[in-house]
$ cat upload-v2.txt   # compact mmCIF, C-alpha atoms and all ligand atoms
# COMPACT_ATOMS: atom_id res chain seq x y z
CA MET A 1 -42.66 44.38 5.05
CA LEU A 2 -43.66 48.09 5.08
CA TYR A 3 -40.31 49.01 3.52
CA LYS A 4 -40.31 46.26 0.87
CA LYS A 5 -43.99 46.56 -0.10
CA ILE A 6 -44.54 50.34 0.08
CA ILE A 7 -41.44 52.47 0.71
CA ARG A 8 -38.95 50.67 -1.55
CA PRO A 9 -41.18 50.68 -4.66
CA ILE A 10 -41.63 54.45 -4.24
CA LEU A 11 -37.90 55.08 -3.66
CA PHE A 12 -36.92 52.76 -6.52
CA LYS A 13 -39.03 54.78 -8.99
CA THR A 14 -36.65 57.73 -8.70
CA ASP A 15 -33.08 58.19 -9.94
CA PRO A 16 -30.86 56.06 -7.64
CA GLU A 17 -28.27 58.77 -6.97
CA LYS A 18 -30.95 61.35 -6.08
CA ILE A 19 -32.52 58.86 -3.66
CA HIS A 20 -29.12 58.05 -2.19
CA HIS A 21 -28.54 61.76 -1.44
CA PHE A 22 -32.09 62.25 -0.19
CA VAL A 23 -31.91 59.31 2.20
CA ILE A 24 -28.45 60.16 3.52
CA ASN A 25 -29.46 63.79 4.13
CA ILE A 26 -32.58 62.68 6.04
CA LEU A 27 -30.45 60.25 8.05
CA GLY A 28 -27.93 63.02 8.75
CA ALA A 29 -30.61 65.43 9.96
CA THR A 30 -32.50 62.94 12.13
CA SER A 31 -29.52 61.23 13.72
CA VAL A 32 -28.25 64.47 15.28
CA LEU A 33 -31.51 64.94 17.18
CA ARG A 34 -30.39 63.17 20.33
CA PRO A 35 -33.77 62.01 21.76
CA PHE A 36 -34.71 60.66 18.31
CA TYR A 37 -31.28 59.02 17.94
CA PHE A 38 -31.50 57.25 21.31
CA LEU A 39 -35.08 56.12 20.74
CA ILE A 40 -34.39 54.53 17.35
CA LYS A 41 -31.00 53.13 18.40
CA LYS A 42 -32.61 51.51 21.42
CA PHE A 43 -34.83 49.55 19.07
CA LEU A 44 -32.45 48.84 16.17
CA PHE A 45 -29.05 48.38 17.84
CA ILE A 46 -28.69 44.89 19.31
CA ASP A 47 -26.22 44.80 22.16
CA ASP A 48 -25.74 41.17 23.07
CA PRO A 49 -22.42 39.79 24.35
CA ARG A 50 -22.75 36.81 21.97
CA LEU A 51 -22.33 39.20 19.04
CA HIS A 52 -19.27 41.03 20.37
CA VAL A 53 -16.23 40.70 18.12
CA LYS A 54 -12.61 41.79 18.38
CA LEU A 55 -11.20 43.10 15.11
CA GLY A 56 -7.54 44.06 15.60
CA ASN A 57 -7.66 46.70 18.33
CA LEU A 58 -11.33 47.38 17.72
CA GLU A 59 -14.09 46.11 19.97
CA LEU A 60 -17.26 45.66 17.91
CA LYS A 61 -20.67 45.28 19.54
CA ASN A 62 -21.74 43.27 16.50
CA PRO A 63 -19.87 42.07 13.40
CA VAL A 64 -22.02 43.82 10.77
CA GLY A 65 -20.54 47.06 9.42
CA LEU A 66 -21.50 49.58 6.77
CA SER A 67 -19.21 49.27 3.76
CA ALA A 68 -17.36 52.18 2.10
CA GLY A 69 -19.24 54.20 -0.50
CA PHE A 70 -22.55 54.85 1.26
CA ASP A 71 -21.27 57.94 3.07
CA LYS A 72 -18.46 59.44 1.01
CA ASP A 73 -18.80 62.97 2.40
CA ILE A 74 -19.30 62.36 6.14
CA THR A 75 -22.95 63.37 5.84
CA ALA A 76 -24.65 61.11 8.38
CA PRO A 77 -22.04 59.40 10.59
CA HIS A 78 -24.39 59.03 13.59
CA ALA A 79 -27.04 57.29 11.53
CA TYR A 80 -25.10 54.02 11.40
CA PRO A 81 -25.14 53.06 15.10
CA MET A 82 -28.74 54.30 15.13
CA LEU A 83 -29.56 51.77 12.38
CA GLY A 84 -27.81 48.97 14.25
CA PHE A 85 -24.42 48.69 12.50
CA GLY A 86 -21.51 47.53 14.70
CA PHE A 87 -19.02 49.70 12.79
CA ALA A 88 -18.98 51.89 9.67
CA GLU A 89 -16.46 52.75 6.97
CA LEU A 90 -16.66 56.30 5.60
CA GLY A 91 -15.34 57.40 2.20
CA SER A 92 -13.58 56.52 -0.02
CA ILE A 93 -11.75 59.82 0.33
CA THR A 94 -9.03 61.11 -2.00
CA ASN A 95 -6.42 63.75 -1.23
CA SER A 96 -7.95 66.31 -3.64
CA ALA A 97 -11.68 66.94 -3.81
CA GLN A 98 -13.15 65.58 -7.04
CA PRO A 99 -16.57 65.49 -8.73
CA GLY A 100 -16.35 61.87 -9.92
CA ASN A 101 -17.74 60.61 -13.22
CA PRO A 102 -20.51 62.41 -15.14
CA LYS A 103 -24.10 61.46 -14.18
CA PRO A 104 -25.95 59.10 -14.42
CA ARG A 105 -23.54 56.83 -12.55
CA LEU A 106 -25.64 54.53 -10.36
CA TRP A 107 -28.15 51.96 -11.63
CA ARG A 108 -30.28 49.30 -9.94
CA ILE A 109 -30.45 45.74 -11.25
CA PRO A 110 -33.19 44.29 -8.98
CA GLU A 111 -33.42 41.07 -11.02
CA ASP A 112 -29.86 40.39 -9.86
CA LYS A 113 -30.23 41.99 -6.42
CA GLY A 114 -27.42 44.39 -7.21
CA LEU A 115 -26.30 47.84 -8.25
CA ILE A 116 -24.04 49.08 -11.01
CA VAL A 117 -21.80 51.76 -9.53
CA TYR A 118 -19.86 54.28 -11.58
CA TYR A 119 -19.39 57.13 -9.08
CA GLY A 120 -15.68 57.40 -9.80
CA LEU A 121 -14.66 58.39 -6.27
CA SER A 122 -16.64 61.63 -5.96
CA ASN A 123 -15.77 63.17 -2.58
CA SER A 124 -14.81 66.38 -0.79
CA GLY A 125 -11.09 65.61 -0.37
CA SER A 126 -9.09 64.64 2.70
CA LEU A 127 -8.75 68.06 4.36
CA GLU A 128 -12.44 68.97 4.09
CA SER A 129 -13.38 65.45 5.23
CA ALA A 130 -11.04 65.80 8.21
CA ARG A 131 -12.72 69.10 9.10
CA ARG A 132 -16.17 67.49 8.95
CA ILE A 133 -15.06 64.51 11.05
CA LYS A 134 -13.64 66.84 13.72
CA LYS A 135 -16.83 68.88 13.74
CA LYS A 136 -19.39 66.08 13.65
CA MET A 137 -17.80 63.05 15.22
CA GLN A 138 -16.43 63.94 18.62
CA LYS A 139 -18.80 61.47 20.25
CA ARG A 140 -18.81 57.96 18.77
CA ASP A 141 -20.92 54.95 19.69
CA ILE A 142 -19.22 52.56 17.24
CA PRO A 143 -15.76 52.41 15.62
CA TYR A 144 -15.43 54.25 12.30
CA GLY A 145 -13.03 53.35 9.52
CA ILE A 146 -11.94 55.81 6.88
CA SER A 147 -11.36 54.48 3.39
CA ILE A 148 -8.64 56.21 1.37
CA ALA A 149 -8.28 56.04 -2.41
CA VAL A 150 -6.16 57.82 -4.98
CA THR A 151 -6.97 61.18 -6.61
CA THR A 152 -7.93 60.69 -10.26
CA GLY A 153 -5.61 61.85 -13.04
CA LEU A 154 -2.25 61.59 -11.30
CA LYS A 155 0.87 60.14 -12.86
CA GLU A 156 1.76 56.66 -11.68
CA SER A 157 4.79 58.01 -9.85
CA GLU A 158 2.58 60.40 -7.79
CA MET A 159 -0.08 57.94 -6.69
CA ALA A 160 1.45 56.37 -3.57
CA ASP A 161 2.36 59.80 -2.15
CA ASP A 162 -1.22 60.94 -2.74
CA TYR A 163 -2.44 58.09 -0.50
CA VAL A 164 0.18 58.96 2.11
CA ARG A 165 -0.98 62.61 2.25
CA SER A 166 -4.61 61.53 2.82
CA PHE A 167 -3.40 58.96 5.33
CA LEU A 168 -1.66 61.66 7.36
CA ASP A 169 -4.69 63.99 7.14
CA LEU A 170 -7.06 61.29 8.40
CA TYR A 171 -5.11 58.76 10.50
CA GLU A 172 -5.61 60.48 13.83
CA LEU A 173 -9.35 60.87 13.24
CA ALA A 174 -10.09 57.29 12.20
CA ASP A 175 -10.58 54.24 14.39
CA TYR A 176 -9.09 52.31 11.50
CA ILE A 177 -7.92 53.11 7.98
CA THR A 178 -8.64 51.14 4.81
CA LEU A 179 -6.38 51.58 1.80
CA ASN A 180 -8.70 51.05 -1.15
CA VAL A 181 -6.58 49.71 -3.98
CA SER A 182 -9.50 48.29 -5.87
CA CYS A 183 -11.94 50.93 -7.13
CA PRO A 184 -12.91 49.87 -10.62
CA ASN A 185 -14.44 53.18 -11.65
CA VAL A 186 -11.60 55.56 -12.39
CA ALA A 187 -8.93 55.95 -15.01
CA LYS A 188 -5.68 54.13 -14.24
CA CYS A 189 -7.33 51.82 -11.69
CA ASP A 190 -5.44 49.01 -13.37
CA VAL A 191 -2.28 50.63 -12.01
CA PHE A 192 -3.20 50.85 -8.38
CA ALA A 193 -4.67 47.36 -8.28
CA GLN A 194 -1.34 45.96 -9.48
CA VAL A 195 0.82 44.03 -7.06
CA SER A 196 3.85 46.26 -7.73
CA PHE A 197 1.81 49.34 -6.79
CA VAL A 198 0.39 47.68 -3.67
CA GLU A 199 3.97 46.89 -2.65
CA GLU A 200 5.13 50.49 -3.17
CA LEU A 201 2.13 51.81 -1.22
CA LEU A 202 2.41 49.41 1.73
CA LYS A 203 6.14 50.07 1.98
CA LYS A 204 5.49 53.83 2.23
CA ILE A 205 2.62 53.47 4.70
CA ASN A 206 4.66 51.07 6.82
CA LYS A 207 7.52 53.56 6.85
CA VAL A 208 5.22 56.35 8.04
CA VAL A 209 3.67 54.19 10.75
CA SER A 210 6.85 52.60 12.03
CA ALA A 211 9.13 55.64 11.68
CA GLN A 212 10.87 56.37 14.93
CA GLY A 213 8.60 58.51 17.06
CA GLY A 214 5.89 58.75 14.41
CA PRO A 215 3.23 59.24 13.42
CA VAL A 216 2.79 61.59 16.39
CA PHE A 217 -0.47 63.44 16.81
CA SER A 218 -1.27 65.88 19.61
CA GLY A 219 2.02 64.94 21.25
CA LYS A 220 1.54 61.18 21.37
CA LYS A 221 2.30 58.23 19.14
CA ILE A 222 -0.86 56.45 18.11
CA THR A 223 -1.41 53.05 16.58
CA LYS A 224 -4.41 52.34 14.39
CA ASP A 225 -5.49 49.25 12.50
CA ILE A 226 -4.87 49.39 8.77
CA PHE A 227 -6.71 47.26 6.20
CA VAL A 228 -6.20 46.85 2.46
CA LYS A 229 -9.34 46.56 0.30
CA ILE A 230 -8.99 44.33 -2.72
CA GLY A 231 -11.16 43.67 -5.76
CA PRO A 232 -12.74 40.31 -6.66
CA ASP A 233 -11.25 40.17 -10.16
CA MET A 234 -7.64 39.63 -9.08
CA SER A 235 -6.00 36.32 -10.03
CA TYR A 236 -5.25 33.94 -7.14
CA GLU A 237 -1.57 34.29 -7.97
CA ASP A 238 -1.72 38.06 -7.44
CA LEU A 239 -3.95 37.61 -4.41
CA ASP A 240 -1.28 35.43 -2.78
CA LYS A 241 1.32 38.14 -3.38
CA VAL A 242 -0.97 40.79 -1.86
CA ILE A 243 -1.65 38.57 1.18
CA ASP A 244 2.10 38.11 1.68
CA LEU A 245 2.70 41.87 1.32
CA CYS A 246 0.01 42.66 3.88
CA ILE A 247 1.73 40.31 6.33
CA GLU A 248 5.23 41.62 5.52
CA TYR A 249 4.21 45.27 5.96
CA LYS A 250 2.21 44.57 9.12
CA MET A 251 -1.26 45.44 7.92
CA THR A 252 -4.07 44.42 10.27
CA GLY A 253 -5.95 42.70 7.50
CA ILE A 254 -7.81 42.66 4.22
CA VAL A 255 -11.27 43.89 3.23
CA ALA A 256 -12.55 41.40 0.65
CA THR A 257 -13.97 42.59 -1.66
CA ASN A 258 -14.90 45.63 -3.73
CA LEU A 259 -17.24 45.61 -6.76
CA ILE A 260 -16.92 43.16 -9.66
CA LYS A 261 -15.42 44.77 -12.70
CA ASN A 262 -14.92 41.73 -14.91
CA ARG A 263 -18.02 41.51 -17.12
CA SER A 264 -17.34 38.00 -18.41
CA TRP A 265 -19.62 36.83 -15.56
CA VAL A 266 -22.57 38.80 -16.84
CA ASN A 267 -23.98 35.91 -18.89
CA LYS A 268 -25.20 34.43 -15.60
CA PHE A 269 -27.24 37.58 -14.83
CA LYS A 270 -31.01 37.89 -15.21
CA SER A 271 -31.10 41.65 -15.96
CA SER A 272 -31.49 42.77 -19.55
CA LYS A 273 -28.36 43.32 -21.63
CA GLU A 274 -29.38 46.95 -21.96
CA LYS A 275 -29.28 47.44 -18.18
CA LEU A 276 -26.00 45.60 -17.85
CA ASP A 277 -24.41 47.75 -20.55
CA HIS A 278 -23.82 50.63 -18.12
CA PRO A 279 -20.19 51.16 -17.16
CA GLY A 280 -18.99 50.52 -13.62
CA GLY A 281 -18.61 47.82 -10.98
CA ILE A 282 -21.39 45.48 -9.87
CA SER A 283 -22.42 44.89 -6.25
CA GLY A 284 -24.79 42.48 -4.56
CA LYS A 285 -25.83 38.88 -4.97
CA HIS A 286 -23.38 37.87 -7.67
CA LEU A 287 -20.45 38.85 -5.43
CA GLN A 288 -21.52 36.54 -2.66
CA GLN A 289 -19.94 33.20 -3.58
CA ARG A 290 -16.91 34.80 -5.23
CA THR A 291 -16.03 36.75 -2.07
CA ASN A 292 -16.66 33.72 0.15
CA ASN A 293 -14.10 31.78 -1.92
CA ILE A 294 -11.62 34.65 -1.70
CA ILE A 295 -12.09 34.94 2.08
CA LYS A 296 -11.49 31.19 2.45
CA HIS A 297 -8.35 31.47 0.37
CA ILE A 298 -7.00 34.42 2.39
CA ARG A 299 -7.69 32.60 5.66
CA GLU A 300 -5.93 29.45 4.43
CA ARG A 301 -2.85 31.36 3.33
CA ALA A 302 -2.63 33.92 6.13
CA GLY A 303 -3.78 31.78 9.06
CA ASP A 304 -4.34 34.13 11.99
CA ARG A 305 -1.79 36.68 10.79
CA LEU A 306 -4.44 38.81 9.09
CA LYS A 307 -7.94 39.89 10.04
CA ILE A 308 -10.56 39.67 7.32
CA ILE A 309 -13.58 41.90 6.75
CA GLY A 310 -15.86 40.06 4.33
CA VAL A 311 -18.01 42.15 1.96
CA GLY A 312 -20.18 41.26 -0.99
CA GLY A 313 -23.76 40.15 -1.43
CA ILE A 314 -24.88 40.01 2.20
CA PHE A 315 -28.66 40.14 2.57
CA THR A 316 -29.38 37.84 5.53
CA ALA A 317 -27.85 36.42 8.73
CA LYS A 318 -27.13 33.20 6.82
CA ASP A 319 -25.00 35.22 4.38
CA VAL A 320 -23.09 36.73 7.31
CA TYR A 321 -22.60 33.30 8.82
CA ALA A 322 -21.31 31.93 5.48
CA LYS A 323 -18.68 34.68 5.33
CA MET A 324 -17.62 34.12 8.93
CA LYS A 325 -17.47 30.38 8.38
CA ALA A 326 -15.23 31.03 5.36
CA GLY A 327 -12.88 32.94 7.67
CA ALA A 328 -14.11 36.53 8.03
CA ASP A 329 -13.75 38.19 11.44
CA ALA A 330 -16.43 40.75 10.61
CA VAL A 331 -18.50 41.75 7.60
CA GLN A 332 -19.73 44.85 5.79
CA MET A 333 -22.65 45.52 3.47
CA ILE A 334 -24.35 48.22 1.37
CA THR A 335 -26.57 46.66 -1.29
CA GLY A 336 -28.39 44.35 1.14
CA PHE A 337 -29.11 47.38 3.33
CA ILE A 338 -30.46 49.42 0.39
CA TYR A 339 -32.69 46.53 -0.73
CA GLY A 340 -33.66 45.49 2.79
CA GLY A 341 -34.31 48.87 4.44
CA PRO A 342 -33.85 50.29 7.94
CA PHE A 343 -34.70 47.13 9.91
CA THR A 344 -32.18 44.96 8.04
CA ILE A 345 -29.28 45.12 10.49
CA ARG A 346 -31.48 44.49 13.52
CA LYS A 347 -33.01 41.46 11.79
CA ILE A 348 -29.60 40.11 10.78
CA ASN A 349 -28.18 40.49 14.29
CA LYS A 350 -31.25 38.89 15.91
CA GLU A 351 -31.07 35.97 13.47
CA LEU A 352 -27.32 35.63 13.99
CA ILE A 353 -27.95 35.02 17.67
CA GLY A 354 -30.44 32.32 16.61
CA ILE A 355 -27.83 30.69 14.34
CA LEU A 356 -25.24 30.74 17.15
CA GLU A 357 -27.73 29.12 19.52
CA ASP A 358 -28.82 26.48 16.97
CA LYS A 359 -25.26 25.54 16.16
CA LYS A 360 -24.15 25.88 19.79
CA LEU A 361 -21.42 28.30 18.73
CA LYS A 362 -19.89 31.23 20.53
C1 LIG B 401 -23.13 53.06 -4.23
C2 LIG B 401 -21.83 52.37 -3.92
C3 LIG B 401 -20.67 53.13 -3.79
C4 LIG B 401 -19.46 52.50 -3.48
N1 LIG B 401 -18.33 53.26 -3.31
C5 LIG B 401 -17.22 52.67 -2.81
C6 LIG B 401 -16.10 53.45 -2.42
O1 LIG B 401 -16.09 54.67 -2.52
N2 LIG B 401 -15.02 52.79 -1.91
C7 LIG B 401 -15.00 51.45 -1.74
O2 LIG B 401 -14.00 50.90 -1.25
N3 LIG B 401 -16.04 50.68 -2.10
C8 LIG B 401 -17.14 51.26 -2.62
N4 LIG B 401 -18.22 50.49 -2.95
C9 LIG B 401 -18.14 49.02 -2.81
C10 LIG B 401 -18.73 48.54 -1.48
O3 LIG B 401 -18.03 49.08 -0.39
C11 LIG B 401 -18.72 47.00 -1.40
O4 LIG B 401 -17.39 46.56 -1.41
C12 LIG B 401 -19.49 46.36 -2.53
O5 LIG B 401 -20.64 47.09 -2.87
C13 LIG B 401 -19.91 44.92 -2.19
O6 LIG B 401 -20.77 44.90 -1.10
P1 LIG B 401 -22.39 44.78 -1.24
O7 LIG B 401 -22.64 43.64 -2.19
O8 LIG B 401 -22.88 44.57 0.13
O9 LIG B 401 -22.86 46.09 -1.81
C14 LIG B 401 -19.43 51.09 -3.31
C15 LIG B 401 -20.60 50.34 -3.46
C16 LIG B 401 -21.79 50.97 -3.75
C17 LIG B 401 -23.03 50.11 -3.89
$ encode --input "upload-v2.txt" --output "structure tokens" --more "lines below"
Ligand SMILES: Cc1cc2nc3c(=O)[nH]c(=O)nc-3n(C[C@H](O)[C@H](O)[C@H](O)COP(=O)(O)O)c2cc1C
Amino acid sequence: MLYKKIIRPILFKTDPEKIHHFVINILGATSVLRPFYFLIKKFLFIDDPRLHVKLGNLELKNPVGLSAGFDKDITAPHAYPMLGFGFAELGSITNSAQPGNPKPRLWRIPEDKGLIVYYGLSNSGSLESARRIKKKMQKRDIPYGISIAVTTGLKESEMADDYVRSFLDLYELADYITLNVSCPNVAKCDVFAQVSFVEELLKKINKVVSAQGGPVFSGKKITKDIFVKIGPDMSYEDLDKVIDLCIEYKMTGIVATNLIKNRSWVNKFKSSKEKLDHPGGISGKHLQQRTNNIIKHIRERAGDRLKIIGVGGIFTAKDVYAKMKAGADAVQMITGFIYGGPFTIRKINKELIGILEDKKLK
């Protein structure tokens, strides 16, 4: 109530990117103060065995994770368990540092409970990110994924190797890796969302992971879960091919989905045409049903051979339940957290327990 009635209207008056940086810096500064961290986490983090979930090799205390894009520069990693998330995905990170698209590049569309995102993969690059992770994240209370994307401006023939370099810089430091082949906000994204590119990339990653003796870090071979993040605009024919490739190249699963790029849907939106004219991908409410359908489709085709992290338009426990009913093993969110505020994850987890009890489910 306090957030929605007082804090959010104040925050939403200011430029969205400035507020994003302001909030994440505050979260970064407060979450490293240990007494403060433990006090808030005690209240916001729900640890109830009924919410525990196994996702590949990961043991999650609850199925609600922070989606990639909120913390691209490893600014506030400890804030996410403090706020109640069961896991968090950092990044997306590219091999070379890059500034992203010119500002402004983030807009709110409250009438459609969404955001228009045109960041264009701004981040500090894989080596600097690795340095920050080593420095800040020795102690971890939840599993952290690292999302990898491709450096902007490369030739097609250089793209897969760019992912592989970031993969090798970050693999040891992540609890899981997500290969983001779906960002709609950079030049040539049509290339890396193509099935032929996904195939080339997965082949190379599989070779690195399954090479004899490798990848070896600090003297031992380590195995991490690897996910592939897809967009919602892909045809079902291409989606089937990507599902089959993920199985063939032994990926743990799929993160479904990234932002909507296809603007032919926009006629269903309530926001003014002027607002919707901004470039970029759209998050939030309008992704909800589309991603639920995609999750259902992946589950039907893959059976239990792939894990699914469902993302898109989650605001309430009912939305989480709908994604899990469609076949997701866990979920992630950003927009619902930005609109809902700091108590959102606690509320969702509490209500999830209620849903499980009502429906007599485990
Ligand atoms: C501000 C913002 C930045 C994002 N940046 C990334 C990113 O760098 N990598 C990525 O895979 N997804 C990114 N996304 C997409 C989200 O991870 C998520 O897939 C999408 O927003 C749908 O979830 P939501 O409706 O809960 O926001 C971003 C989303 C937002 C809102």
$ closest_atom_pairs --input "upload-v2.txt" --of "chain A" --to "ligand LIG 401 (chain B)" --cutoff "7 Å" --atoms "only C-alpha atoms and all ligand atoms" --output "tab-separated table"
residue	atom	partner	partner_atom	distance
A:Ser67	CA	B:LIG401	O3	4.3
A:Ala68	CA	B:LIG401	O3	4.0
A:Gly69	CA	B:LIG401	N1	3.1
A:Phe70	CA	B:LIG401	C3	5.7
A:Lys72	CA	B:LIG401	O1	6.4
A:Gly91	CA	B:LIG401	O1	5.5
A:Ser92	CA	B:LIG401	O1	4.0
A:Leu106	CA	B:LIG401	C1	6.8
A:Gly114	CA	B:LIG401	O7	7.0
A:Leu115	CA	B:LIG401	C17	5.9
A:Val117	CA	B:LIG401	C1	5.6
A:Tyr119	CA	B:LIG401	C3	6.8
A:Leu121	CA	B:LIG401	O1	5.5
A:Ser147	CA	B:LIG401	O2	6.4
A:Asn180	CA	B:LIG401	O2	5.3
A:Ser182	CA	B:LIG401	O2	7.0
A:Cys183	CA	B:LIG401	C7	6.2
A:Lys229	CA	B:LIG401	O2	6.6
A:Thr257	CA	B:LIG401	O4	5.2
A:Asn258	CA	B:LIG401	O4	3.5
A:Leu259	CA	B:LIG401	C12	4.8
A:Ser283	CA	B:LIG401	O7	4.3
A:Gly284	CA	B:LIG401	O7	3.4
A:Lys285	CA	B:LIG401	O7	6.4
A:Leu287	CA	B:LIG401	O7	6.2
A:Val311	CA	B:LIG401	O6	5.0
A:Gly312	CA	B:LIG401	O7	3.6
A:Gly313	CA	B:LIG401	O7	3.7
A:Ile314	CA	B:LIG401	O8	5.4
A:Gln332	CA	B:LIG401	O8	6.5
A:Met333	CA	B:LIG401	O8	3.5
A:Ile334	CA	B:LIG401	O9	4.1
A:Thr335	CA	B:LIG401	O9	3.8
A:Gly336	CA	B:LIG401	O8	5.6
$ closest_residue --input "upload-v2.txt" --among "A:Ile109, A:Ala256, A:Leu201, A:Val164" --to "Gln289 of chain A" --atoms "only C-alpha atoms"
A:Ala256
$ residues_around --input "upload-v2.txt" --residues "segment 296-306 of chain A" --least-positions-apart "3" --cutoff "6 Å" --atoms "only C-alpha atoms" --output "list of chain:residue names"
A:Thr252, A:Gly253, A:Asn293, A:Ala326, A:Gly327
$ closest_residue --input "upload-v2.txt" --among "A:Ala88, A:Leu66, A:Ala97, A:Ile353" --to "Asp175 of chain A" --atoms "only C-alpha atoms"
A:Ala88
$ closest_residue --input "upload-v2.txt" --among "A:Leu127, A:Asp190, A:Leu44, A:Gly341" --to "Ile6 of chain A" --atoms "only C-alpha atoms"
A:Gly341
$ decode --input "upload-v2.txt" --residues "segment 80-92 of chain A" --atoms "N, CA and C atoms" --output "PDB file, in the first residue's frame"
ATOM      1  N   TYR A  80      19.010  -9.304  -3.636  1.00  0.00           N
ATOM      2  CA  TYR A  80      17.925 -10.160  -4.145  1.00  0.00           C
ATOM      3  C   TYR A  80      17.460 -11.209  -3.133  1.00  0.00           C
ATOM      4  N   PRO A  81      18.382 -11.902  -2.430  1.00  0.00           N
ATOM      5  CA  PRO A  81      17.871 -12.739  -1.325  1.00  0.00           C
ATOM      6  C   PRO A  81      17.228 -11.878  -0.237  1.00  0.00           C
ATOM      7  N   MET A  82      17.783 -10.690  -0.016  1.00  0.00           N
ATOM      8  CA  MET A  82      17.227  -9.799   1.014  1.00  0.00           C
ATOM      9  C   MET A  82      15.771  -9.451   0.696  1.00  0.00           C
ATOM     10  N   LEU A  83      15.464  -9.320  -0.606  1.00  0.00           N
ATOM     11  CA  LEU A  83      14.097  -8.964  -1.016  1.00  0.00           C
ATOM     12  C   LEU A  83      13.192 -10.182  -1.179  1.00  0.00           C
ATOM     13  N   GLY A  84      13.766 -11.379  -0.970  1.00  0.00           N
ATOM     14  CA  GLY A  84      12.929 -12.578  -0.961  1.00  0.00           C
ATOM     15  C   GLY A  84      13.043 -13.472  -2.188  1.00  0.00           C
ATOM     16  N   PHE A  85      13.821 -13.068  -3.195  1.00  0.00           N
ATOM     17  CA  PHE A  85      13.933 -13.905  -4.398  1.00  0.00           C
ATOM     18  C   PHE A  85      14.626 -15.240  -4.078  1.00  0.00           C
ATOM     19  N   GLY A  86      14.181 -16.309  -4.748  1.00  0.00           N
ATOM     20  CA  GLY A  86      14.790 -17.626  -4.556  1.00  0.00           C
ATOM     21  C   GLY A  86      16.045 -17.826  -5.392  1.00  0.00           C
ATOM     22  N   PHE A  87      16.208 -17.046  -6.434  1.00  0.00           N
ATOM     23  CA  PHE A  87      17.426 -17.050  -7.257  1.00  0.00           C
ATOM     24  C   PHE A  87      17.421 -15.761  -8.077  1.00  0.00           C
ATOM     25  N   ALA A  88      18.581 -15.442  -8.682  1.00  0.00           N
ATOM     26  CA  ALA A  88      18.649 -14.192  -9.449  1.00  0.00           C
ATOM     27  C   ALA A  88      19.567 -14.378 -10.640  1.00  0.00           C
ATOM     28  N   GLU A  89      19.176 -13.752 -11.762  1.00  0.00           N
ATOM     29  CA  GLU A  89      20.010 -13.836 -12.972  1.00  0.00           C
ATOM     30  C   GLU A  89      20.620 -12.460 -13.238  1.00  0.00           C
ATOM     31  N   LEU A  90      21.944 -12.405 -13.251  1.00  0.00           N
ATOM     32  CA  LEU A  90      22.655 -11.138 -13.459  1.00  0.00           C
ATOM     33  C   LEU A  90      22.986 -10.978 -14.935  1.00  0.00           C
ATOM     34  N   GLY A  91      23.216  -9.742 -15.380  1.00  0.00           N
ATOM     35  CA  GLY A  91      23.503  -9.486 -16.789  1.00  0.00           C
ATOM     36  C   GLY A  91      22.271  -8.978 -17.510  1.00  0.00           C
ATOM     37  N   SER A  92      22.227  -9.037 -18.841  1.00  0.00           N
ATOM     38  CA  SER A  92      23.121  -9.794 -19.709  1.00  0.00           C
ATOM     39  C   SER A  92      24.488  -9.107 -19.858  1.00  0.00           C
TER      40      SER A  92
END
